[in-house]
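Student: To be precise about what I am sending: the file is called model.cif and holds mmCIF, C-alpha atoms.
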data_start
#
loop_
_atom_site.label_atom_id
_atom_site.label_comp_id
_atom_site.auth_asym_id
_atom_site.auth_seq_id
_atom_site.Cartn_x
_atom_site.Cartn_y
_atom_site.Cartn_z
CA MET A 1144 0.00 0.00 0.00
CA GLY A 1145 3.02 2.26 0.47
CA VAL A 1146 3.28 2.70 -3.28
CA ALA A 1147 -0.44 3.48 -3.77
CA ILE A 1148 -0.31 7.23 -3.13
CA PRO A 1149 2.71 8.02 -5.32
CA VAL A 1150 1.30 5.75 -8.03
CA GLY A 1151 -1.99 7.62 -7.74
CA MET A 1152 -0.16 10.94 -8.04
CA TYR A 1153 1.79 9.69 -11.05
CA GLY A 1154 -1.38 8.19 -12.59
CA ALA A 1155 -3.27 11.44 -12.16
CA ALA A 1156 -0.34 13.24 -13.81
CA PHE A 1157 -0.53 10.81 -16.72
CA GLY A 1158 -4.29 11.24 -17.05
CA ALA A 1159 -3.81 15.00 -17.20
CA ALA A 1160 -0.91 14.69 -19.64
CA GLY A 1161 -2.95 12.44 -21.94
CA VAL A 1162 -5.86 14.85 -22.20
CA ALA A 1163 -3.46 17.82 -22.53
CA ALA A 1164 -1.77 16.02 -25.46
CA GLY A 1165 -5.10 15.78 -27.29
CA LEU A 1166 -6.27 12.28 -26.37
CA THR A 1167 -9.85 11.71 -25.26
CA ILE A 1168 -10.54 10.51 -21.72
CA TRP A 1169 -11.29 7.07 -23.20
CA GLN A 1170 -8.02 6.93 -25.11
CA THR A 1171 -6.05 8.01 -22.05
CA SER A 1172 -7.74 5.37 -19.90
CA ALA A 1173 -7.30 2.72 -22.62
CA LEU A 1174 -3.53 3.22 -22.46
CA SER A 1175 -3.51 2.67 -18.70
CA LEU A 1176 -5.73 -0.41 -18.98
CA LEU A 1177 -4.17 -2.08 -22.03
CA LEU A 1178 -0.56 -0.95 -22.05
CA PHE A 1179 -0.01 -0.41 -18.31
CA SER A 1180 3.57 0.87 -18.25
CA GLY A 1181 4.03 4.42 -17.02
CA ALA A 1182 7.10 5.68 -18.83
CA SER A 1183 5.92 4.04 -22.03
CA GLN A 1184 2.51 5.72 -21.78
CA PHE A 1185 4.11 9.10 -21.07
CA ALA A 1186 6.34 8.63 -24.12
CA ILE A 1187 3.38 7.86 -26.38
CA VAL A 1188 1.30 10.87 -25.31
CA GLY A 1189 4.47 12.98 -25.47
CA VAL A 1190 5.00 12.05 -29.12
CA ILE A 1191 1.30 12.60 -29.92
CA GLY A 1192 1.37 15.97 -28.13
CA ALA A 1193 4.51 16.99 -30.02
CA GLY A 1194 2.80 16.20 -33.32
CA GLY A 1195 4.69 12.97 -34.04
CA THR A 1196 3.52 10.22 -36.39
CA VAL A 1197 1.68 7.03 -35.42
CA LEU A 1198 4.87 5.05 -36.08
CA ALA A 1199 6.98 7.37 -33.90
CA ALA A 1200 4.46 7.06 -31.07
CA ILE A 1201 4.49 3.26 -31.31
CA LEU A 1202 8.30 3.14 -31.51
CA ALA A 1203 8.78 5.36 -28.45
CA GLY A 1204 6.17 3.44 -26.47
CA VAL A 1205 7.47 -0.01 -27.37
CA LEU A 1206 11.13 0.87 -26.81
CA LEU A 1207 10.33 2.10 -23.33
CA GLY A 1208 7.99 -0.78 -22.60
CA LEU A 1209 10.37 -3.50 -23.79
CA ARG A 1210 12.05 -3.57 -20.40
CA ASN A 1211 8.93 -5.26 -19.08
CA GLY A 1212 9.90 -8.22 -21.26
CA PHE A 1213 13.27 -8.33 -19.49
CA TYR A 1214 11.50 -8.14 -16.13
CA ALA A 1215 9.29 -11.04 -17.28
CA LEU A 1216 12.39 -13.07 -18.09
CA ARG A 1217 13.62 -12.32 -14.58
CA MET A 1218 10.32 -13.12 -12.84
CA ALA A 1219 9.41 -16.27 -14.81
CA PRO A 1220 11.45 -18.81 -12.79
CA LEU A 1221 10.36 -17.19 -9.51
CA LEU A 1222 6.61 -17.09 -10.21
CA GLN A 1223 6.26 -20.40 -12.11
CA THR A 1224 2.88 -19.47 -13.62
CA SER A 1225 0.84 -20.94 -16.48
CA GLY A 1226 -2.47 -20.37 -18.28
CA VAL A 1227 -4.64 -17.40 -17.31
CA LYS A 1228 -2.44 -16.69 -14.29
CA ARG A 1229 0.54 -16.25 -16.59
CA ILE A 1230 -1.41 -13.81 -18.78
CA VAL A 1231 -2.35 -11.73 -15.73
CA ALA A 1232 1.22 -11.94 -14.38
CA ALA A 1233 2.58 -10.80 -17.75
CA HIS A 1234 0.26 -7.79 -17.85
CA ILE A 1235 1.21 -6.63 -14.34
CA THR A 1236 4.95 -7.11 -14.91
CA ILE A 1237 6.16 -3.54 -14.43
CA ASP A 1238 8.95 -1.63 -12.65
CA GLU A 1239 7.15 -1.58 -9.30
CA SER A 1240 5.99 -5.22 -9.10
CA THR A 1241 9.39 -6.57 -10.22
CA LEU A 1242 11.40 -4.31 -7.94
CA VAL A 1243 9.26 -4.96 -4.86
CA ALA A 1244 9.43 -8.71 -5.54
CA LEU A 1245 13.22 -8.67 -5.86
CA ALA A 1246 13.89 -6.05 -3.17
CA GLY A 1247 14.64 -8.52 -0.37
CA GLY A 1248 16.60 -11.12 -2.35
CA GLN A 1249 15.24 -14.26 -3.97
CA ASN A 1250 15.59 -16.87 -1.26
CA ASP A 1251 12.10 -16.60 0.21
CA LEU A 1252 9.93 -17.51 -2.81
CA GLU A 1253 6.66 -16.95 -0.97
CA ARG A 1254 7.66 -13.39 -0.07
CA VAL A 1255 8.84 -12.74 -3.64
CA ARG A 1256 5.50 -13.92 -5.09
CA LYS A 1257 3.41 -12.05 -2.55
CA GLY A 1258 5.37 -8.87 -3.25
CA PHE A 1259 4.86 -9.27 -6.99
CA TRP A 1260 1.10 -9.98 -6.97
CA PHE A 1261 0.14 -7.45 -4.28
CA THR A 1262 2.18 -4.69 -5.86
CA GLY A 1263 1.22 -5.48 -9.46
CA LEU A 1264 -2.54 -5.71 -8.83
CA GLY A 1265 -2.52 -2.79 -6.38
CA VAL A 1266 -0.66 -0.53 -8.78
CA PHE A 1267 -2.98 -1.61 -11.63
CA PHE A 1268 -6.03 -0.59 -9.61
CA PHE A 1269 -4.69 2.77 -8.41
CA TRP A 1270 -3.00 3.58 -11.73
CA ASN A 1271 -6.24 3.16 -13.66
CA LEU A 1272 -8.42 4.88 -11.06
CA PHE A 1273 -6.16 7.92 -10.94
CA THR A 1274 -5.62 8.03 -14.69
CA LEU A 1275 -9.37 8.54 -14.94
CA ILE A 1276 -9.39 11.14 -12.16
CA GLY A 1277 -6.45 12.96 -13.74
CA ALA A 1278 -8.02 12.90 -17.19
CA LEU A 1279 -11.32 14.21 -15.80
CA GLY A 1280 -9.56 16.91 -13.81
CA ALA A 1281 -7.14 17.91 -16.57
CA SER A 1282 -9.04 21.06 -17.41
CA LEU A 1283 -8.52 22.28 -13.84
CA LEU A 1284 -4.77 21.53 -13.83
CA ASP A 1285 -3.60 24.11 -16.35
CA ASP A 1286 0.15 23.45 -16.07
CA PRO A 1287 1.64 20.24 -14.53
CA SER A 1288 4.97 22.02 -13.90
CA LYS A 1289 3.25 24.57 -11.68
CA TRP A 1290 2.12 21.76 -9.41
CA GLY A 1291 5.45 19.95 -9.34
CA LEU A 1292 4.18 16.87 -11.14
CA ASP A 1293 7.00 16.79 -13.69
CA SER A 1294 9.54 17.10 -10.85
CA ALA A 1295 8.03 14.22 -8.89
CA VAL A 1296 8.25 11.80 -11.84
CA PRO A 1297 12.08 11.52 -12.06
CA ALA A 1298 12.23 11.38 -8.24
CA ALA A 1299 9.87 8.38 -8.40
CA PHE A 1300 12.28 6.59 -10.72
CA LEU A 1301 15.22 7.53 -8.47
CA ALA A 1302 13.36 6.18 -5.43
CA LEU A 1303 12.85 2.87 -7.26
CA LEU A 1304 16.50 2.74 -8.30
CA TRP A 1305 18.03 3.78 -4.96
CA PRO A 1306 17.65 0.52 -2.97
CA GLN A 1307 19.16 -1.45 -5.85
CA LEU A 1308 22.44 0.48 -5.78
CA THR A 1309 23.95 -1.72 -3.10
CA THR A 1310 27.59 -1.57 -4.22
CA ALA A 1311 29.96 1.12 -5.50
CA ARG A 1312 30.20 -0.76 -8.82
CA LEU A 1313 26.41 -0.64 -9.32
CA ARG A 1314 26.37 3.08 -8.53
CA VAL A 1315 29.05 3.69 -11.17
CA ILE A 1316 27.11 1.61 -13.71
CA ALA A 1317 23.94 3.62 -12.98
CA ILE A 1318 25.77 6.94 -13.39
CA ILE A 1319 27.31 5.81 -16.69
CA ALA A 1320 23.85 4.77 -17.92
CA MET A 1321 22.34 8.12 -16.97
CA VAL A 1322 25.15 10.09 -18.61
CA LEU A 1323 24.92 7.98 -21.80
CA ALA A 1324 21.14 8.54 -22.03
CA LEU A 1325 21.64 12.28 -21.59
CA ALA A 1326 24.50 12.38 -24.11
CA LEU A 1327 22.44 10.55 -26.75
CA SER A 1328 19.26 12.59 -26.22
CA PRO A 1329 20.06 15.36 -28.75
CA PHE A 1330 20.83 12.80 -31.47
CA LEU A 1331 18.19 10.08 -31.17
CA SER A 1332 14.39 10.22 -31.27
CA PRO A 1333 12.58 10.18 -27.88
CA GLY A 1334 12.78 6.76 -26.23
CA LEU A 1335 15.90 5.54 -28.06
CA PRO A 1336 18.45 7.10 -25.67
CA ILE A 1337 16.78 5.27 -22.78
CA ILE A 1338 16.58 1.83 -24.41
CA SER A 1339 20.15 2.14 -25.76
CA VAL A 1340 21.65 2.00 -22.25
CA VAL A 1341 20.78 -1.72 -22.20
CA ILE A 1342 24.15 -2.10 -23.96
CA ILE A 1343 25.80 -1.07 -20.66
CA ALA A 1344 24.03 -3.94 -18.87
CA PHE A 1345 25.42 -6.33 -21.49
CA ILE A 1346 28.97 -4.95 -21.24
CA ALA A 1347 29.02 -4.81 -17.44
CA GLY A 1348 27.33 -8.18 -17.00
CA TRP A 1349 29.35 -10.07 -19.62
CA ARG A 1350 32.24 -11.04 -17.35
CA SER A 1351 31.74 -12.17 -13.76
CA LYS A 1352 32.89 -9.77 -11.10
CA MET B 795 -2.60 12.79 -35.42
CA THR B 796 -6.16 11.77 -36.29
CA ASN B 797 -8.48 10.13 -33.77
CA SER B 798 -8.15 6.74 -35.48
CA GLY B 799 -4.37 7.22 -35.67
CA ILE B 800 -4.27 7.68 -31.91
CA TRP B 801 -6.32 4.50 -31.41
CA LEU B 802 -3.98 2.64 -33.78
CA ALA B 803 -0.93 3.79 -31.79
CA ILE B 804 -2.58 2.79 -28.50
CA LEU B 805 -3.66 -0.68 -29.63
CA ILE B 806 -0.48 -1.64 -31.50
CA SER B 807 1.83 -0.44 -28.69
CA SER B 808 -0.25 -2.27 -26.09
CA ALA B 809 -0.24 -5.49 -28.13
CA LEU B 810 3.52 -5.37 -28.78
CA ILE B 811 4.37 -4.75 -25.13
CA PHE B 812 2.06 -7.56 -24.03
CA ILE B 813 3.81 -9.86 -26.52
CA ALA B 814 7.21 -8.83 -25.09
CA ARG B 815 5.97 -9.67 -21.59
CA ILE B 816 4.51 -13.04 -22.61
CA ILE B 817 7.71 -13.98 -24.48
CA GLY B 818 9.65 -13.22 -21.30
CA TYR B 819 7.48 -15.66 -19.37
CA SER B 820 7.49 -18.30 -22.11
CA LEU B 821 11.22 -18.68 -22.72
CA PRO B 822 12.65 -21.81 -21.12
CA ASN B 823 14.13 -21.34 -17.66
CA SER B 824 17.37 -22.92 -18.87
CA ILE B 825 18.12 -19.62 -20.62
CA LEU B 826 18.07 -17.88 -17.25
CA ALA B 827 20.16 -20.58 -15.63
CA LYS B 828 23.12 -19.14 -17.46
CA ASP B 829 25.10 -16.92 -15.08
CA ARG B 830 25.84 -14.38 -17.76
CA LEU B 831 22.19 -13.78 -18.66
CA GLN B 832 21.32 -13.67 -14.96
CA ARG B 833 23.90 -10.93 -14.40
CA ILE B 834 22.74 -8.98 -17.44
CA THR B 835 19.04 -9.15 -16.60
CA THR B 836 19.82 -8.02 -13.05
CA LEU B 837 21.58 -4.95 -14.44
CA ILE B 838 18.90 -4.05 -17.01
CA PRO B 839 16.38 -2.45 -14.59
CA ILE B 840 19.24 -0.53 -12.97
CA VAL B 841 20.55 1.02 -16.20
CA LEU B 842 17.05 1.71 -17.56
CA LEU B 843 15.87 3.39 -14.37
CA ALA B 844 19.07 5.46 -14.27
CA ALA B 845 18.47 6.51 -17.88
CA LEU B 846 14.85 7.39 -17.04
CA VAL B 847 15.95 9.51 -14.07
CA GLY B 848 18.25 11.49 -16.37
CA ALA B 849 15.87 11.72 -19.32
CA GLN B 850 12.88 12.80 -17.27
CA SER B 851 14.76 15.33 -15.13
CA MET B 852 17.12 16.93 -17.65
CA VAL B 853 15.84 16.37 -21.20
CA LYS B 854 13.29 18.61 -22.88
CA ASP B 855 12.46 18.44 -26.59
CA GLY B 856 15.63 16.45 -27.31
CA GLU B 857 17.95 18.84 -25.50
CA VAL B 858 19.67 18.59 -22.12
CA VAL B 859 18.41 21.44 -19.95
CA ILE B 860 18.82 22.41 -16.31
CA ASP B 861 15.48 23.50 -14.87
CA HIS B 862 13.09 23.13 -11.93
CA ARG B 863 12.89 19.36 -12.45
CA LEU B 864 16.57 18.92 -11.53
CA ALA B 865 16.05 21.00 -8.39
CA GLY B 866 13.20 18.65 -7.48
CA LEU B 867 15.36 15.61 -8.18
CA VAL B 868 18.22 16.85 -6.00
CA ALA B 869 15.78 17.53 -3.16
CA GLY B 870 14.32 14.04 -3.67
CA ALA B 871 17.83 12.52 -3.55
CA ILE B 872 18.51 14.31 -0.25
CA ALA B 873 15.23 12.93 1.12
CA LEU B 874 16.30 9.43 0.01
CA ARG B 875 19.68 9.89 1.66
CA LEU B 876 17.86 10.79 4.90
CA ARG B 877 15.86 7.56 4.49
CA GLY B 878 12.61 9.28 3.61
CA SER B 879 9.72 7.07 2.53
CA PHE B 880 8.66 6.83 -1.12
CA LEU B 881 5.83 9.31 -0.54
CA VAL B 882 8.04 11.77 1.34
CA VAL B 883 10.59 11.67 -1.49
CA LEU B 884 7.90 12.44 -4.10
CA VAL B 885 6.32 15.22 -2.07
CA VAL B 886 9.70 16.85 -1.34
CA ALA B 887 10.70 16.60 -5.03
CA GLY B 888 7.32 17.86 -6.24
CA LEU B 889 7.18 20.78 -3.81
CA THR B 890 10.77 21.82 -4.54
CA GLY B 891 10.21 21.60 -8.31
CA ALA B 892 6.96 23.56 -8.08
CA LEU B 893 8.58 26.19 -5.88
CA VAL B 894 11.52 26.72 -8.24
CA TYR B 895 9.20 26.71 -11.28
CA ASN B 896 6.86 29.32 -9.83
CA LEU B 897 9.59 31.57 -8.36
CA ILE B 898 12.04 31.62 -11.28
#
Would you give me this structure, written as structure tokens?
Tutor:
Amino acid sequence: MGVAIPVGMYGAAFGAAGVAAGLTIWQTSALSLLLFSGASQFAIVGVIGAGGTVLAAILAGVLLGLRNGFYALRMAPLLQTSGVKRIVAAHITIDESTLVALAGGQNDLERVRKGFWFTGLGVFFFWNLFTLIGALGASLLDDPSKWGLDSAVPAAFLALLWPQLTTARLRVIAIIAMVLALALSPFLSPGLPIISVVIIAFIAGWRSK
Amino acid sequence: MTNSGIWLAILISSALIFIARIIGYSLPNSILAKDRLQRITTLIPIVLLAALVGAQSMVKDGEVVIDHRLAGLVAGAIALRLRGSFLVVLVVAGLTGALVYNLI
């Protein structure tokens, strides 16, 4: 439940951003229901709001959402799901559910699974509820920056990252990734600088340390 | 973008990301048993989140800018350092960002 309020805040910000970018309330809510990956959804409405093409919107959204596939790869042996349960698990495989599940190590499987399902389903509920509230209230919130919403978003990502940076080596890797994403931003279309840092994970993880 | 174009973008993106998630769950566990892949997949959320922190706090319209969002992020980092809860971190970052945005 600790993540519910920030998720609600973030969801409301997304709902407002969607409507501000020219989506209908239904379209904004459809993204939260069907896509369900915050950064990816923000990227899509960002491209639409900036006047991008359908293809650019899809590319940005998918590139940012692809990491959920990597999380799925990570969660699969821990959850051991099949059938409908696997479909639901796949849909709620996001930053929050994966990180909460893995936060305390992987030895206690019951705790890992409980963390994943509670967080995933809880975030899904609050994310969709507040997307709707945000979309409905968008006309009242004239400028998200004025209310600090765009400042809270990167802090939310930092708060998710923070507990994972357990060693000096991991902190250096994270800083390199951030600098690379920033350095590539002027040259690549939105979304690409972020996904391209996966190369750092491959380089750093290739040899055992 | 037209209304139907927006729907197309929503539905195709959602389908592709769902497929990526299902593929992740459907690959044989033996792939993950490899130490190398295990190390790499552990690092992936870390590098992506770090990239997101940078992109969402310092990038605007494809350019690196220093603005109120970075002030919010720094305040949020201080709150994290002082072991603030998730909510406290967001409120501190949001308030600081809003303050800087409205004053400058």
Student: Find the nearest atom pair between each residue of chain B and chain A for residues within 6 Å, count only C-alpha atoms, give distances in Å to one decimal, sort rows by chain and ascending number, and present the table as a Markdown table.
Tutor:
| residue | atom | partner | partner_atom | distance |
| --- | --- | --- | --- | --- |
| B:Ala803 | CA | A:Ile1201 | CA | 5.5 |
| B:Ser807 | CA | A:Ile1201 | CA | 5.3 |
| B:Ser808 | CA | A:Leu1178 | CA | 4.3 |
| B:Ile811 | CA | A:Gly1208 | CA | 5.9 |
| B:Ala814 | CA | A:Gly1212 | CA | 4.7 |
| B:Arg815 | CA | A:Gly1212 | CA | 4.2 |
| B:Ile816 | CA | A:Ala1233 | CA | 5.7 |
| B:Gly818 | CA | A:Leu1216 | CA | 4.2 |
| B:Tyr819 | CA | A:Ala1219 | CA | 5.0 |
| B:Arg830 | CA | A:Trp1349 | CA | 5.9 |
| B:Arg833 | CA | A:Gly1348 | CA | 5.1 |
| B:Ile834 | CA | A:Gly1348 | CA | 4.7 |
| B:Leu837 | CA | A:Ala1344 | CA | 5.2 |
| B:Ile838 | CA | A:Ala1344 | CA | 5.5 |
| B:Val841 | CA | A:Ala1320 | CA | 5.3 |
| B:Ala844 | CA | A:Met1321 | CA | 5.0 |
| B:Ala845 | CA | A:Met1321 | CA | 4.3 |
| B:Val847 | CA | A:Pro1297 | CA | 4.8 |
| B:Gly848 | CA | A:Met1321 | CA | 5.3 |
| B:Gln850 | CA | A:Pro1297 | CA | 5.4 |
| B:Ser851 | CA | A:Pro1297 | CA | 5.6 |
| B:Gly856 | CA | A:Pro1329 | CA | 4.8 |
| B:Glu857 | CA | A:Pro1329 | CA | 5.2 |
| B:Arg863 | CA | A:Ser1294 | CA | 4.3 |
| B:Gly866 | CA | A:Ser1294 | CA | 5.2 |
| B:Leu867 | CA | A:Ala1298 | CA | 5.3 |
| B:Gly870 | CA | A:Ala1298 | CA | 5.7 |
| B:Leu881 | CA | A:Pro1149 | CA | 5.9 |
| B:Leu884 | CA | A:Ala1295 | CA | 5.1 |
| B:Ala887 | CA | A:Ala1295 | CA | 5.3 |
| B:Gly888 | CA | A:Gly1291 | CA | 4.2 |
| B:Leu889 | CA | A:Gly1291 | CA | 5.9 |
| B:Gly891 | CA | A:Gly1291 | CA | 5.1 |
| B:Ala892 | CA | A:Gly1291 | CA | 4.1 |
Student: Counting only C-alpha atoms, figure out which residue out of A:Ala1163, A:Trp1270, A:Ile1168, A:Phe1261 gets nearest to Ala1244 (chain A).
Tutor: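 Nearest to Ala1244 (chain A): A:Phe1261.
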Student: Please measure the separation of CA of Ser1240 (chain A) and CA of Gly1265 (chain A), giving the value in Å to one decimal.
Tutor: 9.3 Å
Student: Please measure the separation of CA of Leu864 (chain B) and CA of Asn1271 (chain A), giving the value in Å to one decimal.
Tutor: 27.8 Å
Student: Quick one: pull the distance between CA of Phe1268 (chain A) and CA of Phe1157 (chain A), Å, one decimal.
Tutor: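 Interatomic distance, CA of Phe1268 (chain A) to CA of Phe1157 (chain A): 14.5 Å.
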Student: For region 1178-1257 of chain A, write C-alpha atoms out as a PDB file, in the first residue's frame.
Tutor:
ATOM      1  CA  LEU A1178      -0.556  -0.947 -22.054  1.00  0.00           C
ATOM      2  CA  PHE A1179      -0.007  -0.406 -18.309  1.00  0.00           C
ATOM      3  CA  SER A1180       3.570   0.865 -18.247  1.00  0.00           C
ATOM      4  CA  GLY A1181       4.025   4.419 -17.019  1.00  0.00           C
ATOM      5  CA  ALA A1182       7.103   5.684 -18.830  1.00  0.00           C
ATOM      6  CA  SER A1183       5.919   4.039 -22.034  1.00  0.00           C
ATOM      7  CA  GLN A1184       2.508   5.720 -21.782  1.00  0.00           C
ATOM      8  CA  PHE A1185       4.109   9.101 -21.074  1.00  0.00           C
ATOM      9  CA  ALA A1186       6.343   8.628 -24.119  1.00  0.00           C
ATOM     10  CA  ILE A1187       3.376   7.863 -26.377  1.00  0.00           C
ATOM     11  CA  VAL A1188       1.302  10.872 -25.313  1.00  0.00           C
ATOM     12  CA  GLY A1189       4.475  12.976 -25.472  1.00  0.00           C
ATOM     13  CA  VAL A1190       4.998  12.045 -29.122  1.00  0.00           C
ATOM     14  CA  ILE A1191       1.302  12.604 -29.920  1.00  0.00           C
ATOM     15  CA  GLY A1192       1.370  15.971 -28.130  1.00  0.00           C
ATOM     16  CA  ALA A1193       4.515  16.992 -30.022  1.00  0.00           C
ATOM     17  CA  GLY A1194       2.804  16.200 -33.318  1.00  0.00           C
ATOM     18  CA  GLY A1195       4.691  12.967 -34.043  1.00  0.00           C
ATOM     19  CA  THR A1196       3.524  10.223 -36.395  1.00  0.00           C
ATOM     20  CA  VAL A1197       1.681   7.030 -35.425  1.00  0.00           C
ATOM     21  CA  LEU A1198       4.865   5.055 -36.078  1.00  0.00           C
ATOM     22  CA  ALA A1199       6.983   7.374 -33.899  1.00  0.00           C
ATOM     23  CA  ALA A1200       4.464   7.065 -31.070  1.00  0.00           C
ATOM     24  CA  ILE A1201       4.495   3.257 -31.314  1.00  0.00           C
ATOM     25  CA  LEU A1202       8.302   3.141 -31.514  1.00  0.00           C
ATOM     26  CA  ALA A1203       8.780   5.356 -28.452  1.00  0.00           C
ATOM     27  CA  GLY A1204       6.172   3.442 -26.473  1.00  0.00           C
ATOM     28  CA  VAL A1205       7.467  -0.009 -27.365  1.00  0.00           C
ATOM     29  CA  LEU A1206      11.126   0.871 -26.809  1.00  0.00           C
ATOM     30  CA  LEU A1207      10.330   2.104 -23.331  1.00  0.00           C
ATOM     31  CA  GLY A1208       7.987  -0.784 -22.596  1.00  0.00           C
ATOM     32  CA  LEU A1209      10.372  -3.502 -23.795  1.00  0.00           C
ATOM     33  CA  ARG A1210      12.053  -3.566 -20.405  1.00  0.00           C
ATOM     34  CA  ASN A1211       8.927  -5.261 -19.082  1.00  0.00           C
ATOM     35  CA  GLY A1212       9.905  -8.219 -21.259  1.00  0.00           C
ATOM     36  CA  PHE A1213      13.271  -8.332 -19.492  1.00  0.00           C
ATOM     37  CA  TYR A1214      11.505  -8.145 -16.131  1.00  0.00           C
ATOM     38  CA  ALA A1215       9.289 -11.043 -17.276  1.00  0.00           C
ATOM     39  CA  LEU A1216      12.386 -13.072 -18.087  1.00  0.00           C
ATOM     40  CA  ARG A1217      13.624 -12.322 -14.579  1.00  0.00           C
ATOM     41  CA  MET A1218      10.318 -13.118 -12.836  1.00  0.00           C
ATOM     42  CA  ALA A1219       9.408 -16.274 -14.813  1.00  0.00           C
ATOM     43  CA  PRO A1220      11.447 -18.810 -12.788  1.00  0.00           C
ATOM     44  CA  LEU A1221      10.356 -17.192  -9.511  1.00  0.00           C
ATOM     45  CA  LEU A1222       6.609 -17.088 -10.214  1.00  0.00           C
ATOM     46  CA  GLN A1223       6.255 -20.403 -12.110  1.00  0.00           C
ATOM     47  CA  THR A1224       2.880 -19.473 -13.620  1.00  0.00           C
ATOM     48  CA  SER A1225       0.836 -20.940 -16.477  1.00  0.00           C
ATOM     49  CA  GLY A1226      -2.470 -20.373 -18.282  1.00  0.00           C
ATOM     50  CA  VAL A1227      -4.635 -17.397 -17.310  1.00  0.00           C
ATOM     51  CA  LYS A1228      -2.440 -16.695 -14.295  1.00  0.00           C
ATOM     52  CA  ARG A1229       0.545 -16.250 -16.594  1.00  0.00           C
ATOM     53  CA  ILE A1230      -1.413 -13.814 -18.784  1.00  0.00           C
ATOM     54  CA  VAL A1231      -2.346 -11.732 -15.728  1.00  0.00           C
ATOM     55  CA  ALA A1232       1.222 -11.945 -14.384  1.00  0.00           C
ATOM     56  CA  ALA A1233       2.575 -10.804 -17.748  1.00  0.00           C
ATOM     57  CA  HIS A1234       0.259  -7.794 -17.846  1.00  0.00           C
ATOM     58  CA  ILE A1235       1.210  -6.628 -14.344  1.00  0.00           C
ATOM     59  CA  THR A1236       4.950  -7.113 -14.906  1.00  0.00           C
ATOM     60  CA  ILE A1237       6.161  -3.536 -14.426  1.00  0.00           C
ATOM     61  CA  ASP A1238       8.949  -1.629 -12.645  1.00  0.00           C
ATOM     62  CA  GLU A1239       7.151  -1.584  -9.304  1.00  0.00           C
ATOM     63  CA  SER A1240       5.993  -5.221  -9.100  1.00  0.00           C
ATOM     64  CA  THR A1241       9.389  -6.567 -10.221  1.00  0.00           C
ATOM     65  CA  LEU A1242      11.401  -4.310  -7.943  1.00  0.00           C
ATOM     66  CA  VAL A1243       9.258  -4.958  -4.865  1.00  0.00           C
ATOM     67  CA  ALA A1244       9.425  -8.712  -5.541  1.00  0.00           C
ATOM     68  CA  LEU A1245      13.216  -8.674  -5.856  1.00  0.00           C
ATOM     69  CA  ALA A1246      13.894  -6.047  -3.171  1.00  0.00           C
ATOM     70  CA  GLY A1247      14.643  -8.519  -0.374  1.00  0.00           C
ATOM     71  CA  GLY A1248      16.596 -11.123  -2.351  1.00  0.00           C
ATOM     72  CA  GLN A1249      15.235 -14.262  -3.969  1.00  0.00           C
ATOM     73  CA  ASN A1250      15.588 -16.871  -1.259  1.00  0.00           C
ATOM     74  CA  ASP A1251      12.105 -16.603   0.208  1.00  0.00           C
ATOM     75  CA  LEU A1252       9.929 -17.507  -2.808  1.00  0.00           C
ATOM     76  CA  GLU A1253       6.656 -16.951  -0.969  1.00  0.00           C
ATOM     77  CA  ARG A1254       7.660 -13.392  -0.067  1.00  0.00           C
ATOM     78  CA  VAL A1255       8.843 -12.738  -3.642  1.00  0.00           C
ATOM     79  CA  ARG A1256       5.499 -13.916  -5.089  1.00  0.00           C
ATOM     80  CA  LYS A1257       3.407 -12.053  -2.546  1.00  0.00           C
TER      81      LYS A1257
END
